[in-house]
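Have a look at protein.csv below; it lists CSV, C-alpha atoms.
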chain,number,residue,atom,x,y,z
A,21,MET,CA,80.5,107.6,130.4
A,22,LYS,CA,82.3,110.7,131.5
A,23,GLN,CA,82.5,109.2,134.9
A,24,SER,CA,84.2,106.0,133.6
A,25,ILE,CA,86.8,108.1,131.7
A,26,LEU,CA,87.4,110.1,134.8
A,27,VAL,CA,87.8,106.9,136.9
A,28,SER,CA,90.3,105.4,134.4
A,29,MET,CA,92.2,108.7,134.4
A,30,VAL,CA,92.3,108.7,138.2
A,31,CYS,CA,93.4,105.1,138.2
A,32,ALA,CA,96.1,105.9,135.6
A,33,ALA,CA,97.3,108.7,137.8
A,34,LEU,CA,97.4,106.4,140.8
A,35,LEU,CA,99.5,103.9,138.8
A,36,GLY,CA,101.9,106.7,137.9
A,37,LEU,CA,100.6,107.0,134.3
A,38,ALA,CA,99.5,110.2,132.6
A,39,GLY,CA,95.9,110.4,131.4
A,40,PRO,CA,95.1,110.6,127.7
A,41,GLY,CA,96.9,113.9,127.3
A,42,LEU,CA,95.0,117.2,127.4
A,43,ALA,CA,91.3,117.0,126.6
A,44,SER,CA,91.9,119.6,123.9
A,45,GLU,CA,94.4,117.4,122.1
A,46,SER,CA,92.9,115.8,118.9
A,47,GLY,CA,96.0,114.2,117.5
A,48,ILE,CA,99.8,114.1,117.3
A,49,VAL,CA,102.3,114.9,114.6
A,50,LYS,CA,104.1,111.6,113.8
A,51,THR,CA,106.1,112.3,110.7
A,52,LEU,CA,107.5,115.5,109.3
A,53,GLN,CA,109.6,116.7,106.4
A,54,GLY,CA,110.6,120.3,105.7
A,55,GLN,CA,108.5,123.2,107.0
A,56,VAL,CA,105.1,122.7,108.5
A,57,LEU,CA,103.2,125.4,110.4
A,58,ILE,CA,100.3,125.0,112.8
A,59,GLU,CA,98.1,128.1,113.0
A,60,ARG,CA,96.1,128.2,116.2
A,61,GLY,CA,94.1,131.4,116.7
A,62,ALA,CA,96.5,134.3,116.3
A,63,SER,CA,99.6,132.2,116.8
A,64,GLN,CA,101.6,130.3,114.3
A,65,LEU,CA,103.9,127.4,115.5
A,66,GLN,CA,106.6,125.6,113.7
A,67,ALA,CA,105.5,121.9,113.9
A,68,LYS,CA,107.7,119.2,115.3
A,69,VAL,CA,107.2,115.5,115.7
A,70,GLY,CA,105.3,114.9,118.9
A,71,ASP,CA,103.4,118.2,118.8
A,72,PRO,CA,99.7,118.0,119.5
A,73,VAL,CA,97.1,119.3,117.1
A,74,GLN,CA,93.7,120.6,118.2
A,75,GLU,CA,90.2,121.3,116.9
A,76,ARG,CA,90.2,124.4,114.7
A,77,ASP,CA,94.0,124.2,114.0
A,78,ARG,CA,95.1,125.1,110.5
A,79,VAL,CA,98.0,122.9,109.3
A,80,ILE,CA,100.1,124.6,106.6
A,81,VAL,CA,102.6,122.5,104.6
A,82,ARG,CA,105.2,124.4,102.6
A,83,SER,CA,106.8,123.2,99.3
A,84,ASN,CA,109.1,120.2,99.5
A,85,SER,CA,107.4,119.4,102.9
A,86,SER,CA,104.9,116.9,104.3
A,87,VAL,CA,103.4,115.9,107.6
A,88,GLY,CA,101.7,112.8,109.1
A,89,ILE,CA,99.2,113.2,111.9
A,90,SER,CA,97.6,110.4,113.9
A,91,MET,CA,94.3,111.4,115.6
A,92,ARG,CA,93.2,110.0,118.9
A,93,ASP,CA,90.7,107.6,117.3
A,94,GLU,CA,93.5,106.3,114.9
A,95,THR,CA,92.3,108.3,112.0
A,96,LEU,CA,95.6,108.8,110.0
A,97,LEU,CA,96.3,111.9,107.9
A,98,GLY,CA,99.2,112.3,105.4
A,99,ILE,CA,99.4,115.9,104.0
A,100,GLY,CA,101.6,116.6,101.0
A,101,PRO,CA,103.6,119.7,99.9
A,102,ASN,CA,101.8,123.1,99.4
A,103,SER,CA,98.8,122.1,101.4
A,104,THR,CA,96.5,123.7,103.9
A,105,MET,CA,94.2,121.6,106.0
A,106,VAL,CA,91.8,122.6,108.8
A,107,ILE,CA,90.5,120.4,111.6
A,108,ASP,CA,87.0,121.8,111.8
A,109,ARG,CA,85.6,119.5,114.4
A,110,TYR,CA,87.1,116.8,116.6
A,111,ALA,CA,85.5,115.0,119.4
A,112,TYR,CA,86.2,111.4,120.6
A,113,ASP,CA,85.2,109.2,123.5
A,114,PRO,CA,87.6,106.3,123.7
A,115,VAL,CA,85.1,104.3,125.8
A,116,THR,CA,82.2,104.4,123.4
A,117,ARG,CA,84.3,105.1,120.3
A,118,GLU,CA,81.8,107.7,119.4
A,119,GLY,CA,82.7,111.2,118.2
A,120,GLN,CA,83.0,113.5,115.2
A,121,VAL,CA,85.9,114.1,112.9
A,122,GLU,CA,85.5,116.9,110.3
A,123,THR,CA,88.4,118.3,108.2
A,124,SER,CA,88.7,120.6,105.3
A,125,ILE,CA,91.5,120.5,102.7
A,126,LEU,CA,91.7,124.0,101.3
A,127,LYS,CA,94.5,123.2,98.9
A,128,GLY,CA,97.0,120.5,98.2
A,129,THR,CA,96.8,116.8,98.8
A,130,LEU,CA,95.5,114.7,101.7
A,131,ARG,CA,95.7,111.0,102.3
A,132,TYR,CA,93.0,109.9,104.7
A,133,VAL,CA,92.7,106.7,106.6
A,134,THR,CA,89.4,106.4,108.6
A,135,GLY,CA,89.8,105.6,112.3
A,136,LEU,CA,87.6,104.2,115.0
A,137,ILE,CA,85.0,107.0,114.9
A,138,GLY,CA,84.3,106.1,111.3
A,139,LYS,CA,84.1,102.4,112.2
A,140,THR,CA,81.5,103.1,114.9
A,141,ASN,CA,79.5,105.6,112.7
A,142,PRO,CA,80.6,106.4,109.2
A,143,LYS,CA,78.3,109.5,109.2
A,144,ALA,CA,80.5,111.1,111.8
A,145,VAL,CA,83.4,111.5,109.4
A,146,LYS,CA,83.4,114.3,106.9
A,147,VAL,CA,86.1,115.8,104.6
A,148,THR,CA,85.3,119.0,102.9
A,149,THR,CA,86.9,120.7,99.8
A,150,ALA,CA,86.0,123.8,97.9
A,151,ASN,CA,83.7,121.9,95.5
A,152,ALA,CA,82.6,118.9,97.5
A,153,THR,CA,82.0,116.9,100.7
A,154,ILE,CA,83.3,113.4,101.1
A,155,GLY,CA,81.6,110.8,103.2
A,156,VAL,CA,83.2,107.4,104.0
A,157,ARG,CA,82.4,103.8,104.3
A,158,GLY,CA,85.4,102.2,106.0
A,159,THR,CA,87.9,103.8,103.8
A,160,GLU,CA,91.2,105.1,102.6
A,161,PHE,CA,91.5,107.7,99.9
A,162,VAL,CA,93.5,110.7,98.5
A,163,VAL,CA,92.1,114.1,97.9
A,164,GLU,CA,93.7,116.7,95.6
A,165,VAL,CA,92.6,120.3,95.6
A,166,PRO,CA,94.4,122.7,93.2
A,167,GLY,CA,95.8,125.8,94.9
A,168,LYS,CA,94.5,129.3,94.5
A,169,ASP,CA,97.3,131.9,94.7
B,24,MET,CA,87.7,141.0,57.6
B,25,ARG,CA,91.2,139.9,57.0
B,26,THR,CA,92.6,142.0,59.8
B,27,TRP,CA,89.8,140.7,62.2
B,28,ARG,CA,90.4,137.0,61.6
B,29,PRO,CA,93.6,136.5,63.5
B,30,ALA,CA,92.2,138.6,66.3
B,31,ILE,CA,89.1,136.4,66.6
B,32,LEU,CA,91.1,133.3,66.3
B,33,GLY,CA,93.4,134.6,69.0
B,34,LEU,CA,90.5,135.4,71.2
B,35,LEU,CA,89.1,132.0,70.7
B,36,ALA,CA,92.4,130.3,71.5
B,37,ALA,CA,92.7,132.4,74.6
B,38,ALA,CA,89.2,131.5,75.7
B,39,ILE,CA,89.9,127.8,75.2
B,40,LEU,CA,93.2,128.1,77.1
B,41,ALA,CA,91.6,130.0,79.9
B,42,THR,CA,88.8,127.4,80.2
B,43,LEU,CA,91.3,124.6,80.2
B,44,TYR,CA,93.5,126.5,82.7
B,45,TYR,CA,90.4,127.2,84.9
B,46,ALA,CA,89.3,123.6,84.6
B,47,THR,CA,92.7,122.2,85.7
B,48,ARG,CA,93.1,124.8,88.3
B,49,THR,CA,89.7,124.0,89.9
B,50,THR,CA,89.3,120.2,89.3
B,51,GLU,CA,89.6,118.3,92.5
B,52,ARG,CA,90.4,114.7,92.4
B,53,ILE,CA,89.4,112.1,95.0
B,54,THR,CA,90.9,108.6,94.6
B,55,LEU,CA,89.8,105.6,96.5
B,56,LEU,CA,92.7,103.5,97.8
B,57,PRO,CA,92.5,99.8,98.6
B,58,GLN,CA,92.2,98.7,102.2
B,59,PRO,CA,95.4,97.1,103.5
B,60,ASP,CA,93.4,93.9,104.3
B,61,GLY,CA,91.7,93.9,100.9
B,62,SER,CA,88.2,94.4,102.5
B,63,PRO,CA,85.7,96.4,100.4
B,64,SER,CA,85.3,100.1,101.1
B,65,ALA,CA,83.7,103.2,99.4
B,66,VAL,CA,83.6,106.9,99.5
B,67,VAL,CA,80.6,109.1,98.6
B,68,VAL,CA,81.5,112.4,97.0
B,69,ARG,CA,78.8,115.1,97.0
B,70,SER,CA,79.3,118.3,95.0
B,71,LYS,CA,78.2,121.7,96.1
B,72,THR,CA,75.6,121.5,93.3
B,73,GLY,CA,74.1,118.4,94.8
B,74,SER,CA,75.2,115.6,92.5
B,75,THR,CA,76.9,112.5,93.9
B,76,ALA,CA,79.5,110.0,92.9
B,77,VAL,CA,80.2,106.8,94.7
B,78,LEU,CA,83.7,105.4,94.5
B,79,ASP,CA,83.8,101.7,95.4
B,80,ARG,CA,86.6,100.2,93.3
B,81,PRO,CA,90.2,100.7,94.3
B,82,TYR,CA,91.8,103.5,92.3
B,83,SER,CA,88.6,104.8,90.9
B,84,VAL,CA,88.7,108.6,90.8
B,85,ALA,CA,86.0,111.4,91.2
B,86,THR,CA,86.9,114.6,89.4
B,87,VAL,CA,85.0,117.5,90.8
B,88,THR,CA,84.6,121.0,89.4
B,89,PRO,CA,82.3,123.7,90.8
B,90,ILE,CA,79.7,122.5,88.3
B,91,ARG,CA,80.0,118.8,87.7
B,92,ILE,CA,81.4,115.5,88.9
B,93,GLY,CA,83.1,113.1,86.5
B,94,SER,CA,84.7,109.8,87.1
B,95,SER,CA,87.7,107.8,85.8
B,96,GLN,CA,90.0,105.0,86.7
B,97,THR,CA,93.6,105.1,87.6
B,98,ASP,CA,96.1,102.5,89.0
B,99,GLU,CA,98.6,102.0,91.8
B,100,ALA,CA,101.7,103.1,89.8
B,101,SER,CA,100.0,106.4,88.7
B,102,VAL,CA,98.8,107.2,92.2
B,103,ARG,CA,102.2,106.4,93.6
B,104,ALA,CA,103.9,108.8,91.0
B,105,ARG,CA,101.4,111.6,91.5
B,106,TYR,CA,101.1,111.5,95.3
B,107,LYS,CA,104.4,110.1,96.5
B,108,ASP,CA,105.2,112.6,99.2
B,109,THR,CA,101.6,112.6,100.5
B,110,LEU,CA,101.4,108.8,100.6
B,111,ASP,CA,104.8,108.5,102.4
B,112,ALA,CA,103.8,111.1,105.0
B,113,LEU,CA,101.1,108.8,106.5
B,114,PRO,CA,102.0,107.7,110.1
B,115,ALA,CA,102.7,104.0,110.7
B,116,ARG,CA,99.5,102.0,111.1
B,117,PRO,CA,98.7,101.1,114.7
B,118,ARG,CA,99.8,97.7,115.9
B,119,SER,CA,97.6,95.7,118.1
B,120,TYR,CA,98.1,92.7,120.5
B,121,THR,CA,95.6,91.0,122.7
B,122,LEU,CA,96.1,89.3,126.1
B,123,TYR,CA,93.3,87.0,127.5
B,124,PHE,CA,92.2,86.6,131.1
B,125,ARG,CA,90.9,83.9,133.4
B,126,SER,CA,87.3,84.3,134.5
B,127,GLY,CA,86.3,87.0,137.0
B,128,GLY,CA,89.8,88.5,137.7
B,129,THR,CA,93.0,90.0,136.4
B,130,GLY,CA,95.0,86.7,136.0
B,131,LEU,CA,96.2,85.9,132.5
B,132,THR,CA,95.4,82.6,130.8
B,133,PRO,CA,98.3,80.2,130.5
B,134,GLU,CA,98.5,80.9,126.7
B,135,SER,CA,98.7,84.6,127.2
B,136,GLU,CA,101.4,84.1,129.9
B,137,ARG,CA,103.5,82.3,127.3
B,138,PHE,CA,102.8,84.9,124.6
B,139,LEU,CA,103.9,87.7,126.9
B,140,PRO,CA,107.7,87.6,126.3
B,141,VAL,CA,107.3,87.7,122.5
B,142,MET,CA,104.9,90.6,122.7
B,143,LEU,CA,107.1,92.5,125.1
B,144,LYS,CA,110.1,92.3,122.8
B,145,VAL,CA,108.2,93.9,119.9
B,146,LEU,CA,106.5,96.5,122.2
B,147,VAL,CA,109.8,97.7,123.8
B,148,GLU,CA,111.3,98.2,120.3
B,149,LEU,CA,108.2,99.9,118.7
B,150,ASN,CA,107.6,102.1,121.7
B,151,GLU,CA,110.9,103.8,121.1
B,152,ARG,CA,109.7,105.2,117.8
B,153,PRO,CA,109.3,109.0,118.0
B,154,ALA,CA,105.9,110.2,119.5
B,155,SER,CA,104.6,106.6,120.0
B,156,GLU,CA,101.3,106.3,121.9
B,157,LEU,CA,100.2,103.3,123.9
B,158,THR,CA,96.6,102.5,124.6
B,159,LEU,CA,95.4,99.7,126.8
B,160,ILE,CA,91.7,98.7,126.3
B,161,GLY,CA,90.2,96.3,128.8
B,162,HIS,CA,87.2,94.1,128.1
B,163,ALA,CA,85.0,91.7,130.1
B,164,ASP,CA,82.6,88.9,129.1
B,165,GLU,CA,78.9,88.9,129.8
B,166,VAL,CA,79.2,87.3,133.3
B,167,GLY,CA,78.2,89.8,136.0
B,168,SER,CA,76.6,93.2,136.0
B,169,ASP,CA,77.6,96.1,133.6
B,170,ALA,CA,79.0,98.1,136.6
B,171,LEU,CA,81.1,95.2,137.7
B,172,ASN,CA,82.4,94.5,134.1
B,173,ASP,CA,83.2,98.2,133.6
B,174,ALA,CA,85.4,98.1,136.7
B,175,LEU,CA,86.8,94.7,136.0
B,176,SER,CA,87.8,95.6,132.4
B,177,ARG,CA,89.6,98.7,133.7
B,178,GLN,CA,91.4,96.6,136.3
B,179,ARG,CA,92.6,94.3,133.6
B,180,ALA,CA,93.9,97.2,131.5
B,181,MET,CA,95.7,98.5,134.5
B,182,THR,CA,97.2,95.1,135.3
B,183,VAL,CA,98.7,95.0,131.8
B,184,ALA,CA,100.0,98.6,132.3
B,185,ALA,CA,101.8,97.6,135.5
B,186,LEU,CA,103.1,94.5,133.8
B,187,LEU,CA,104.5,96.4,130.8
B,188,LYS,CA,106.0,99.0,133.1
B,189,ALA,CA,107.7,96.4,135.2
B,190,ARG,CA,109.2,94.9,132.0
B,191,GLY,CA,110.7,98.2,130.8
B,192,VAL,CA,108.0,99.5,128.4
B,193,ASP,CA,107.5,103.3,128.9
B,194,THR,CA,103.9,103.7,130.0
B,195,THR,CA,104.1,107.4,131.0
B,196,ARG,CA,101.9,108.5,128.1
B,197,ALA,CA,99.7,105.4,128.0
B,198,THR,CA,95.9,105.8,127.9
B,199,ILE,CA,93.9,103.2,129.8
B,200,VAL,CA,90.3,102.5,128.9
B,201,GLY,CA,87.8,99.9,130.3
B,202,ARG,CA,85.0,99.1,127.9
B,203,GLY,CA,83.2,96.6,130.1
B,204,SER,CA,81.3,94.0,128.0
B,205,ARG,CA,80.1,96.4,125.3
B,206,ASP,CA,82.6,95.3,122.6
B,207,PRO,CA,82.7,91.5,122.6
B,208,LEU,CA,85.0,89.7,120.2
B,209,VAL,CA,82.4,86.9,120.2
B,210,ALA,CA,78.7,88.0,120.8
B,211,THR,CA,77.1,86.0,123.6
B,212,LYS,CA,74.0,86.1,125.8
B,213,LYS,CA,74.1,87.8,129.2
B,214,GLY,CA,75.7,85.5,131.8
B,215,VAL,CA,77.8,83.5,129.3
B,216,SER,CA,81.5,83.0,130.2
B,217,GLU,CA,83.7,83.5,127.1
B,218,GLU,CA,87.4,83.5,127.3
B,219,ARG,CA,87.9,85.4,124.0
B,220,ASN,CA,85.9,88.4,125.4
B,221,ARG,CA,88.0,88.6,128.6
B,222,ARG,CA,90.8,90.5,127.1
B,223,VAL,CA,93.0,93.6,127.0
B,224,GLU,CA,93.9,95.1,123.6
B,225,ILE,CA,97.3,96.7,123.5
B,226,ARG,CA,97.4,99.3,120.7
B,227,LEU,CA,100.5,101.1,119.8
B,228,LYS,CA,100.5,104.0,117.3

Write out the structure in this file as structure tokens.
Amino acid sequence: MKQSILVSMVCAALLGLAGPGLASESGIVKTLQGQVLIERGASQLQAKVGDPVQERDRVIVRSNSSVGISMRDETLLGIGPNSTMVIDRYAYDPVTREGQVETSILKGTLRYVTGLIGKTNPKAVKVTTANATIGVRGTEFVVEVPGKD
Amino acid sequence: MRTWRPAILGLLAAAILATLYYATRTTERITLLPQPDGSPSAVVVRSKTGSTAVLDRPYSVATVTPIRIGSSQTDEASVRARYKDTLDALPARPRSYTLYFRSGGTGLTPESERFLPVMLKVLVELNERPASELTLIGHADEVGSDALNDALSRQRAMTVAALLKARGVDTTRATIVGRGSRDPLVATKKGVSEERNRRVEIRLK
């Protein structure tokens, strides 16, 4: 499988096309209002449309702000004002459409649209809150977690 | 006694308020939204204490506190009012087009040739949205070996990439995938020629 991805990347390169971004890229910021920060290790970046998000990133949405992220497997995330979301795990193989997508919403609101990983294997999708874990069966939903100051 | 009464009442009221406050401050809400195509879906909510709730009707809600899960029902208008910013933040849903191929090679079927200009017009326009991403996924039917079909499906996807590029679609960030015969549109036995499986999906998100 790895080989076939490699081959398609090489072919893409030969055609003058870029491969599927950096391997570490899990998704891309598609919509943005107000102030949104991406915390990656010790650094904190001001998010812009087009910015990549990675596994273990913490997405912090300030008041009167929101962000929309599209993951590589077409999982769609809409995150509302005063929210903090973490991408705990993300792995995706576009050839087999297998992978794992685990996120936590620590506070705020998250609209979640399951992508191709969930279509292939619903068990590979998990959303965690302080009180619960959410599993999906081909789904779209909203999660609201009250904030702790 | 007289002097104690207000104090006790006050304490009780404070306790009730604190409980209410705590409950609203810690109650999480999970609301199932309908699928855009109306197909059934469900979420399973499992609390840290081990109890479970299944949401399988649009706009059904699970309310989760550290100690229990409750359920209720809401509607589109209430969800819209409560979560407007969050709902609106969602990226545009991916668009998908399919081109079909003649057997054993990278030539388009006459129908797909005719469809091409229509598709290109939309693609060029959509591809100019900020941070758009193009994915081309090639497929093969069950004629020939897996190795051959993996290669052929990739070639089909690359053919479409070249075609789009030549017609002015920006393919610099395109991802190209060949899925061989592992994801047929129509399931067939090995060795069966099936036009609907010889295809390239063009997905734009």

### Task
May I ask for the distance between CA of Ser90 (chain A) and CA of Asp108 (chain A), given in Å to one decimal place?
15.7 Å

#### Entry: 6 Å contacts from chain A to chain B using only C-alpha atoms, as a VMD selection string
chain A and resid 37 to 40 50 70 86 to 88 97 to 100 115 151 to 166

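The nearest approach to Ile137 (chain A) among the residues A:Val73, A:Met91, A:Ala150, A:Val106, with all atoms listed in the file taken into account, belongs to A:Met91.
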
With all atoms of region 171-183 of chain B from the file as input, state the centre and edge lengths in Å to one decimal of the axis-aligned box that has 3 Å extra on each side, as AutoDock Vina command-line options.
--center_x 89.9 --center_y 96.5 --center_z 134.6 --size_x 23.6 --size_y 10.4 --size_z 12.2

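Put simply, CA of Ile80 (chain A) is 17.2 Å away from CA of Arg109 (chain A).
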
### Message
If I take CA of Lys212 (chain B) and CA of Leu171 (chain B), how far is one from the other in Å, to one decimal?
### Response
16.6 Å

### Task
Find the spatial neighbours of region 120-130 of chain B, counting only C-alpha atoms, within a cut-off of 10 Å - ignore same-chain residues fewer than 2 positions away - and output them as a ChimeraX atom specification.
/B:118,132-136,138-139,142,146,159-164,166-167,171-172,175-183,216-227

Export, as an mmCIF file, in the coordinates of the input, the selected residues with C-alpha atoms.
data_model
loop_
_atom_site.group_PDB
_atom_site.id
_atom_site.type_symbol
_atom_site.label_atom_id
_atom_site.label_comp_id
_atom_site.auth_asym_id
_atom_site.auth_seq_id
_atom_site.Cartn_x
_atom_site.Cartn_y
_atom_site.Cartn_z
ATOM 1 C CA ARG B 118 99.800 97.700 115.900
ATOM 2 C CA THR B 132 95.400 82.600 130.800
ATOM 3 C CA PRO B 133 98.300 80.200 130.500
ATOM 4 C CA GLU B 134 98.500 80.900 126.700
ATOM 5 C CA SER B 135 98.700 84.600 127.200
ATOM 6 C CA GLU B 136 101.400 84.100 129.900
ATOM 7 C CA PHE B 138 102.800 84.900 124.600
ATOM 8 C CA LEU B 139 103.900 87.700 126.900
ATOM 9 C CA MET B 142 104.900 90.600 122.700
ATOM 10 C CA LEU B 146 106.500 96.500 122.200
ATOM 11 C CA LEU B 159 95.400 99.700 126.800
ATOM 12 C CA ILE B 160 91.700 98.700 126.300
ATOM 13 C CA GLY B 161 90.200 96.300 128.800
ATOM 14 C CA HIS B 162 87.200 94.100 128.100
ATOM 15 C CA ALA B 163 85.000 91.700 130.100
ATOM 16 C CA ASP B 164 82.600 88.900 129.100
ATOM 17 C CA VAL B 166 79.200 87.300 133.300
ATOM 18 C CA GLY B 167 78.200 89.800 136.000
ATOM 19 C CA LEU B 171 81.100 95.200 137.700
ATOM 20 C CA ASN B 172 82.400 94.500 134.100
ATOM 21 C CA LEU B 175 86.800 94.700 136.000
ATOM 22 C CA SER B 176 87.800 95.600 132.400
ATOM 23 C CA ARG B 177 89.600 98.700 133.700
ATOM 24 C CA GLN B 178 91.400 96.600 136.300
ATOM 25 C CA ARG B 179 92.600 94.300 133.600
ATOM 26 C CA ALA B 180 93.900 97.200 131.500
ATOM 27 C CA MET B 181 95.700 98.500 134.500
ATOM 28 C CA THR B 182 97.200 95.100 135.300
ATOM 29 C CA VAL B 183 98.700 95.000 131.800
ATOM 30 C CA SER B 216 81.500 83.000 130.200
ATOM 31 C CA GLU B 217 83.700 83.500 127.100
ATOM 32 C CA GLU B 218 87.400 83.500 127.300
ATOM 33 C CA ARG B 219 87.900 85.400 124.000
ATOM 34 C CA ASN B 220 85.900 88.400 125.400
ATOM 35 C CA ARG B 221 88.000 88.600 128.600
ATOM 36 C CA ARG B 222 90.800 90.500 127.100
ATOM 37 C CA VAL B 223 93.000 93.600 127.000
ATOM 38 C CA GLU B 224 93.900 95.100 123.600
ATOM 39 C CA ILE B 225 97.300 96.700 123.500
ATOM 40 C CA ARG B 226 97.400 99.300 120.700
ATOM 41 C CA LEU B 227 100.500 101.100 119.800
#

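Among the candidates B:Arg137, B:Val192, B:Ser168, B:Ser95, the residue lying nearest to Ser204 (chain B) is B:Ser168 (atoms considered: all atoms listed in the file).
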
### Message
Give me the residues near Val121 (chain A) as a PyMOL selection string, where near means some atom within 7 Å (using all atoms listed in the file) and where sequence neighbours in that chain fewer than 2 positions away do not count.
### Response
chain A and resi 109-111+119+123+144-146

Store the residues of this selection in a file with C-alpha atoms, as a short mmCIF file (atom, residue, chain, number, x, y, z; two decimals), in the coordinates of the input.
data_model
loop_
_atom_site.label_atom_id
_atom_site.label_comp_id
_atom_site.auth_asym_id
_atom_site.auth_seq_id
_atom_site.Cartn_x
_atom_site.Cartn_y
_atom_site.Cartn_z
CA ARG A 109 85.60 119.50 114.40
CA TYR A 110 87.10 116.80 116.60
CA ALA A 111 85.50 115.00 119.40
CA GLY A 119 82.70 111.20 118.20
CA THR A 123 88.40 118.30 108.20
CA ALA A 144 80.50 111.10 111.80
CA VAL A 145 83.40 111.50 109.40
CA LYS A 146 83.40 114.30 106.90
#
